[in-house]
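Have a look at the structure below, then the notes.
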Amino acid sequence: MQFQRFGRTYQLRIASLADLRHVLDLDESLWMANNAPVNTFRCDPELLAMLDTDGDGRIVTHELKAAVHWLFARLKPEAGLHGGEDTLPLSAIRADTAEGQALHRSAQYALEHLGATDRATISLAQARKYADTVAGQPLNGDGVIVPEAVDDPELTEYIRDVLACTEAEQDKSGRKGVSQSSHELFQQEIDDYLDWLAQDPDATETGKTERRPLGRDTAQAYALYEANKKKIDLFFEYGRVLAFEPALEPRLALQDPQIAELDVTDRDALQAGLAQAPIARPGPAAALPLSADRVNPAYSDWIERFKSRVLEPLLGSSPRDTLSAADWTAVKAAFAPYAAYMAAKKGARVESLPIEKLRRYHPNPFAEPLRKMIEQDQAVADVVQGIRSLKRLLLYCRDLTRLANNYVSFPMLYDPAERALFEMGSAVIDGRRFNFAVRVHELGPHSAVAKSSDICILYLEVTPGTGPDHRFTVAVPVTAGTRGNLAVGKRGVFFTIDGEECDARVVRIIENPVSLREALVAPFVRLTEYVSARIETLSGTAEKGLLSQVQKTETAAVSGSAADASSPPAAPLFGGGGLAPSGLFLGFSVATAALGSAFAFILKTLKGVSKGRIAAGLAAAAALVVVPVTLVAIAKLRRQDLSVLLEGCGWGINARMRLNRAQRRYFTTCPAYPRNARGVPNRRRAILWGLLLGLLLLLALRILLK
């Protein structure tokens, strides 16, 4: 087990699959991360789904450890794989375990089916191709038989009947089919339905029986009877209530507001409203009228059919205008045996099939052929499961080392030649390139967490070429130079890891010192801004006063033209209509004299002070400003923590991700001009000019102190 320093943290070195074994022995507190959201990784979605065993959208330490353990339980210790390969030698798979032997068989089966010339190795692409091929076949290992998988027309018809009478299941290809459970349910329904029919031997007879009071017409008559049985029961119930309390009659019919709300122009709405009313107007101990003009119009047609097909055959063929409560009780008693028989009905799912077909399926001649097909399909399931495990092994061999280097350790984050799996790309804005960006799903919560990072952070809204519907937000740290012209609304360009060029716009900035240089200059910048603001304020006040004086003078000049000509004229402020030069010069002279006196006082005071004390005073004044600012800036810059950007995205980070000077300049860089380019700034010349300016300042200070 070897550790390596990345940034200011010591992290486990995972350079190969052999190093990956150490993840199982390393305490989770020494991992860089202890959990991470799945959607932050630019990784194979199938691999991420395999790692996220509980489907909560996060990968935690025990899930990654379980994946590593699963991998090495199926690889030979001496396999010598480095990781990152798309192919796997079959000789690297263990042959001394049942799992390894199953993987061997699945790999050989897939290679043979694909007609591969090289049978010693298998690739991830080959495993996926075979899995897709099997999924599209009729027998694909899911235990579901689709009609297209059967050559026998009668068996195909039987399967379609099962699908028509039971809830169909989908096979892997998305087609509807029959499983063993749906086949057994169909057979049970047939048995129950035929047994139920056998309980009524009178069903085929024409004569009347106790169970079938109307013979063969009993079923149709019973359906008419059941259609509005509850309505007739309610009518006679209302009659008994009104016999006891006649005052309730208005409440048992449609109320006036209900009638008023009916839309008489809408036939459907009118029929729906009338259907809620009683079948006929109730009265105390009243009989049910049987003429169409005396019942609710919504039930008039039904009353005619009910009278002719049920009442008259049961109660007598003589014309009948009403139905008494006693007659209604007799009708219910006549249908009671048949009602009990119908209540015990079973097998309703297969009732739609012809009785002759149901009897042909009892006993079922297709049960055995279908069972054999299901067994054949389930036999393929072992191969399919083996292919799934083989894909898992290939994905783990290829990507698990890389994923661990973006979870247990973060070497790729600090390597200019690599990009971490949680990075989104680079931004170019304000003449600089920002080489670290993480995707932000919720701007508000992320910025609330990221404020504690002490890093200046840009939030960019990135719009890919696919359009605004695919727009996303990234957080970009500014780690070198100064803030410059970065501001909300400023636009730039964003290059994704895949090389796509996207429009980018700054939508939010978390302000913090970017560098020591910017922190040292900040107090003087604020002082300059304050002095400039004061000068602008004083200048504006003086300008307003001057304009006011000019306006007053002009007003006085206009009013003075109408005064007595004998009055002595006032001394003009303006010569020839302008301000008197003497007044202007006088004011300027006074100001100059005041500044000169102040400067002379300063020089006179300094003459009485030794040069050492002057230098010490200047140094003390500079130190009073610079030293606290420097200390605070250094402390803030040392506290800058890149891990907070990941924590805002939902990561659990164990270690602080501090940055050294080289890393700061890598994450935020100003690219150099091309070598041997002409007309570009000369860095050496700029250094010489800086040294010359420093010498001139020292010389001026020496002259001043003489």
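The way I read the labels, and the way they are meant: chains A, B, ... in the order of the structure tokens, residue 1 as the first residue of every chain, and ligand 1 as the first ligand shown, with later ones counted on from there.
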Could you pull out the strand (DSSP E or B) residues of segment 289-452 of chain A, going by DSSP on the backbone, and write them as an MDAnalysis selection string? chainID A and resid 289 322:323 425:429 432:434 438:440
Go ahead and save the residues from that selection, with C-alpha atoms, as a PDB file, in the first residue's frame.
ATOM      1  CA  PRO A 289     -96.549   2.868 -12.702  1.00  0.00           C
ATOM      2  CA  THR A 322     -98.735  -0.828 -12.087  1.00  0.00           C
ATOM      3  CA  LEU A 323     -96.451  -2.954  -9.996  1.00  0.00           C
ATOM      4  CA  GLY A 425     -14.785  21.100 -18.929  1.00  0.00           C
ATOM      5  CA  SER A 426     -12.999  24.459 -19.239  1.00  0.00           C
ATOM      6  CA  ALA A 427     -14.238  28.047 -19.514  1.00  0.00           C
ATOM      7  CA  VAL A 428     -12.584  30.871 -21.435  1.00  0.00           C
ATOM      8  CA  ILE A 429     -13.660  34.291 -20.233  1.00  0.00           C
ATOM      9  CA  ARG A 432      -8.237  33.599 -19.063  1.00  0.00           C
ATOM     10  CA  ARG A 433      -8.844  29.872 -19.140  1.00  0.00           C
ATOM     11  CA  PHE A 434     -10.474  28.231 -16.121  1.00  0.00           C
ATOM     12  CA  VAL A 438     -18.279  21.048 -11.649  1.00  0.00           C
ATOM     13  CA  ARG A 439     -21.925  20.762 -12.549  1.00  0.00           C
ATOM     14  CA  VAL A 440     -24.407  22.454 -10.208  1.00  0.00           C
TER      15      VAL A 440
END
Within 6 Å of Glu85 of chain A, counting only C-alpha atoms, which residues qualify if same-chain residues fewer than 2 places away don't, as an mmCIF file with C-alpha atoms, in the first residue's frame?
data_model
loop_
_atom_site.group_PDB
_atom_site.id
_atom_site.type_symbol
_atom_site.label_atom_id
_atom_site.label_comp_id
_atom_site.auth_asym_id
_atom_site.auth_seq_id
_atom_site.Cartn_x
_atom_site.Cartn_y
_atom_site.Cartn_z
ATOM 1 C CA GLY A 83 -7.225 -1.701 -15.625
ATOM 2 C CA THR A 87 -10.865 -6.821 -23.511
ATOM 3 C CA ARG A 398 -12.096 -1.423 -17.391
#
As a PyMOL selection string, please: every residue in segment 473-546 of chain A that DSSP puts in alpha helix (DSSP H). chain A and resi 516-546
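Atom CA of Phe236 of chain A to atom CA of Leu314 of chain A spans 19.5 Å [interatomic distance, one decimal].
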List as JSON lines every residue of segment 19-39 of chain A that is in contact with segment 406-423 of chain A, defined as an atom at most 10 Å from one of its atoms (using only C-alpha atoms), together with the nearest atom pair and the distance in Å rounded to one decimal, sorted by chain and then rising number.
{"residue": "A:Leu20", "atom": "CA", "partner": "A:Val408", "partner_atom": "CA", "distance": 9.9}
{"residue": "A:Val23", "atom": "CA", "partner": "A:Val408", "partner_atom": "CA", "distance": 7.7}
{"residue": "A:Leu26", "atom": "CA", "partner": "A:Val408", "partner_atom": "CA", "distance": 9.4}
{"residue": "A:Glu28", "atom": "CA", "partner": "A:Val408", "partner_atom": "CA", "distance": 8.5}
{"residue": "A:Ser29", "atom": "CA", "partner": "A:Val408", "partner_atom": "CA", "distance": 9.9}
{"residue": "A:Leu30", "atom": "CA", "partner": "A:Val408", "partner_atom": "CA", "distance": 8.0}
{"residue": "A:Trp31", "atom": "CA", "partner": "A:Val408", "partner_atom": "CA", "distance": 4.6}
{"residue": "A:Met32", "atom": "CA", "partner": "A:Val408", "partner_atom": "CA", "distance": 5.1}
{"residue": "A:Ala33", "atom": "CA", "partner": "A:Tyr407", "partner_atom": "CA", "distance": 5.5}
{"residue": "A:Asn34", "atom": "CA", "partner": "A:Tyr407", "partner_atom": "CA", "distance": 7.7}
{"residue": "A:Asn35", "atom": "CA", "partner": "A:Tyr407", "partner_atom": "CA", "distance": 8.1}
{"residue": "A:Ala36", "atom": "CA", "partner": "A:Tyr407", "partner_atom": "CA", "distance": 8.0}
{"residue": "A:Val38", "atom": "CA", "partner": "A:Phe422", "partner_atom": "CA", "distance": 9.9}
{"residue": "A:Asn39", "atom": "CA", "partner": "A:Phe422", "partner_atom": "CA", "distance": 9.0}
